[in-house]
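A quick write-up on the structure given underneath.
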Amino acid sequence: MMKKFFLCFLFFLLVLGGCNDQTESDNTSKQMAENIHVENTIPIKPNEDLSKNEDASEQNETGENITAADNYTASGRKIIYTAIIQLEVKSVKQKVTQLEQLIDAQGGYIVDSTTHKDSKKGNVTGSITARIPQKNFQSFMKKVETGEGKLMESSVSGEDVTEEFVDLEARLKSKKVVEKRLLSFMEQADKTEDLLDISDNLADVQEEIEQITGRMNYLKNKADLATITIEIRENHTVIKSEDDLNTWDKTKQQFLKSINIILMALSNSFVFIAGNIPILLLLGLISFLLFVFIRKKRRNKRSAD
């Protein structure tokens, strides 16, 4: 009897020990998951705090300095320039060729180039959109505005994206810290379940890193290369040829103009008379009766004398 009781007690101790091991294992997994969550939600310092350091810098979680947006020099700021120029020229085709050469000389490239001719009016218009390095932006604008052709309009707008770029830079460095720690957790994890959790978190962090990097590259490209649209149209100053200056042709044209004036006058007179016949007849009748009355009165007066 005592032997059976001892065996039951021993079995109970073994079960209790297994439960404790399982609880400790679950707690370890839970703690690792919490660590992963904490590492993946590292707070990012707001932009307004980036400029409080006396050295005009801020240290992120990696210990690297991040320059505050307000402390960037004018040459170091990220500004997206956009310009529109309207020109009136004698030949659109010739001007487009000149602009293509100028764009190439300034280290830029053409994004879009179009020309259009109105079949009815004969007007020719053109448009060129180019990307020019920011360092050559001002000189390019000056050469276009003072070059061949009449400047009709010129406008320049700038968008300062320095603050957004600094914020993205800080977020990118923080996300890379999280990525590095998740990779170290991955090396230490033994269970498949832990590996899957860490892998999911790592994939999310790497996707965010790609999105931030893409946005930074976009802003950098836009700031490094200004976008300039040049709209061109031909003027319509007609230069007379020798044929237009021929005396005989000018005489014939003047004669035809005179005939047209006479015909127009006769036509207008006919329209006036035909359209006002009733009124003219009434006026004629009244004038005739008035004439007869006055004449009869004069006769009577002579007879009385």
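The chains in the structure tokens are called A, B, ... from first to last as shown; in each chain the residues are counted from 1, and the ligands are counted from 1 in the order shown.
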
Env of Lys150 (chain A): 8 Å cut, atoms = only C-alpha atoms, seq-sep filter 5 positions within chain, self excluded. Answer as a ChimeraX atom specification.
/A:87-89

Please produce a file of those selected residues containing C-alpha atoms, as a PDB file, in the first residue's frame.
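The file below, part.pdb, is the result:
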ATOM      1  CA  LEU A  87       8.105  83.178 -75.531  1.00  0.00           C
ATOM      2  CA  GLU A  88       7.033  84.655 -78.860  1.00  0.00           C
ATOM      3  CA  VAL A  89       9.468  83.913 -81.686  1.00  0.00           C
TER       4      VAL A  89
END

Applying 6 Å and only C-alpha atoms, which residues near Asp112 (chain A) remain after dropping the ones on its own chain fewer than 2 positions away? List them as a list of chain:residue names.
A:Ile110, A:Ile128, A:Thr129

Residues of the last selection are to be written out with C-alpha atoms, as an mmCIF file, in the first residue's frame.
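Resulting contents of out.cif:
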data_model
loop_
_atom_site.group_PDB
_atom_site.id
_atom_site.type_symbol
_atom_site.label_atom_id
_atom_site.label_comp_id
_atom_site.auth_asym_id
_atom_site.auth_seq_id
_atom_site.Cartn_x
_atom_site.Cartn_y
_atom_site.Cartn_z
ATOM 1 C CA ILE A 110 14.266 66.983 -71.950
ATOM 2 C CA ILE A 128 9.440 71.895 -73.961
ATOM 3 C CA THR A 129 9.638 70.544 -70.412
#

Run DSSP on the backbone and give me the residues of region 50-257 of chain A it puts in strand (DSSP E), as a PyMOL selection string.
chain A and resi 57-59+65-67+79-89+109-117+124-133+150-160+225-234

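Restricting the calculation to only C-alpha atoms, the smallest distance between Glu163 (chain A) and any of A:Val111, A:Ile79, A:Val271, A:Ile198 is found for A:Ile79.
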
As a PyMOL selection string, list the residues of region 130-301 of chain A assigned to helix (DSSP H, G or I) by DSSP on the backbone atoms of this structure.
chain A and resi 134-146+162-188+192-224+247-275+277-301

Counting only C-alpha atoms, give me one row per residue of region 186-234 of chain A with an atom at most 8 Å from an atom of region 91-108 of chain A, showing the shortest contact pair and its distance in Å to one decimal, sorted by chain then residue number, as JSON lines.
{"residue": "A:Ile232", "atom": "CA", "partner": "A:Val92", "partner_atom": "CA", "distance": 6.5}
{"residue": "A:Arg233", "atom": "CA", "partner": "A:Val92", "partner_atom": "CA", "distance": 6.4}
{"residue": "A:Glu234", "atom": "CA", "partner": "A:Ser91", "partner_atom": "CA", "distance": 6.0}

Could you save those same residues with all heavy atoms as an mmCIF file, in the first residue's frame?
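File written: part08.cif
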data_model
loop_
_atom_site.group_PDB
_atom_site.id
_atom_site.type_symbol
_atom_site.label_atom_id
_atom_site.label_comp_id
_atom_site.auth_asym_id
_atom_site.auth_seq_id
_atom_site.Cartn_x
_atom_site.Cartn_y
_atom_site.Cartn_z
ATOM 1 N N ILE A 232 6.205 78.118 -76.429
ATOM 2 C CA ILE A 232 6.646 78.964 -77.545
ATOM 3 C C ILE A 232 5.510 79.116 -78.548
ATOM 4 O O ILE A 232 4.777 78.155 -78.826
ATOM 5 C CB ILE A 232 7.861 78.333 -78.259
ATOM 6 C CG1 ILE A 232 8.856 77.785 -77.235
ATOM 7 C CG2 ILE A 232 8.544 79.327 -79.162
ATOM 8 C CD1 ILE A 232 9.852 76.817 -77.835
ATOM 9 N N ARG A 233 5.403 80.316 -79.099
ATOM 10 C CA ARG A 233 4.445 80.539 -80.194
ATOM 11 C C ARG A 233 5.052 81.509 -81.191
ATOM 12 O O ARG A 233 5.853 82.364 -80.828
ATOM 13 C CB ARG A 233 3.101 81.051 -79.676
ATOM 14 C CG ARG A 233 3.112 82.467 -79.129
ATOM 15 C CD ARG A 233 1.692 82.966 -78.922
ATOM 16 N NE ARG A 233 1.649 84.331 -78.469
ATOM 17 C CZ ARG A 233 1.480 84.703 -77.223
ATOM 18 N NH1 ARG A 233 1.372 83.801 -76.277
ATOM 19 N NH2 ARG A 233 1.428 85.992 -76.900
ATOM 20 N N GLU A 234 4.641 81.367 -82.440
ATOM 21 C CA GLU A 234 5.155 82.239 -83.506
ATOM 22 C C GLU A 234 4.352 83.527 -83.560
ATOM 23 O O GLU A 234 3.132 83.519 -83.357
ATOM 24 C CB GLU A 234 5.086 81.524 -84.855
ATOM 25 C CG GLU A 234 6.122 80.425 -85.019
ATOM 26 C CD GLU A 234 6.113 79.841 -86.428
ATOM 27 O OE1 GLU A 234 5.217 80.232 -87.210
ATOM 28 O OE2 GLU A 234 6.968 79.005 -86.732
#

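Taking only C-alpha atoms into account, Glu231 (chain A) lies nearest to A:Ser154 out of the set A:Ser154, A:Thr82, A:Ser199, A:Thr146.
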
Can you pull out every residue within 10 Å of Lys78 (chain A), counting only C-alpha atoms, but drop anything in the same chain fewer than 4 positions away, and send it as a PyMOL selection string?
chain A and resi 69+72+74+158-166+219-224

Residues near Thr114 (chain A), cut-off 9 Å, only C-alpha atoms, skip fewer than 5 positions along chain, as a PDB file with N, CA, C and O atoms, in the first residue's frame:
ATOM      1  N   THR A 125       2.737  76.438 -82.553  1.00  0.00           N
ATOM      2  CA  THR A 125       3.086  76.538 -81.141  1.00  0.00           C
ATOM      3  C   THR A 125       3.944  75.342 -80.745  1.00  0.00           C
ATOM      4  O   THR A 125       3.918  74.297 -81.410  1.00  0.00           O
ATOM      5  N   GLY A 126       4.689  75.506 -79.677  1.00  0.00           N
ATOM      6  CA  GLY A 126       5.540  74.419 -79.192  1.00  0.00           C
ATOM      7  C   GLY A 126       5.706  74.495 -77.692  1.00  0.00           C
ATOM      8  O   GLY A 126       5.442  75.532 -77.065  1.00  0.00           O
ATOM      9  N   SER A 127       6.133  73.376 -77.094  1.00  0.00           N
ATOM     10  CA  SER A 127       6.335  73.320 -75.652  1.00  0.00           C
ATOM     11  C   SER A 127       7.462  72.342 -75.325  1.00  0.00           C
ATOM     12  O   SER A 127       7.536  71.262 -75.916  1.00  0.00           O
ATOM     13  N   ILE A 128       8.337  72.751 -74.412  1.00  0.00           N
ATOM     14  CA  ILE A 128       9.440  71.895 -73.961  1.00  0.00           C
ATOM     15  C   ILE A 128       9.461  71.885 -72.435  1.00  0.00           C
ATOM     16  O   ILE A 128       9.448  72.949 -71.813  1.00  0.00           O
TER      17      ILE A 128
END

Quick one: of A:Glu145, A:Ile212, A:Gly122, A:Asn260, who's nearest to Asn235 (chain A), counting only C-alpha atoms?
A:Gly122

Please report the interatomic distance between CA of Gln86 (chain A) and CA of Glu153 (chain A) in Å with one decimal.
5.0 Å

Could you list, as a PyMOL selection string, every residue within 9 Å of Ile228 (chain A), counting only C-alpha atoms and ignoring same-chain residues fewer than 4 positions away?
chain A and resi 81-85+128-132+137+141+156
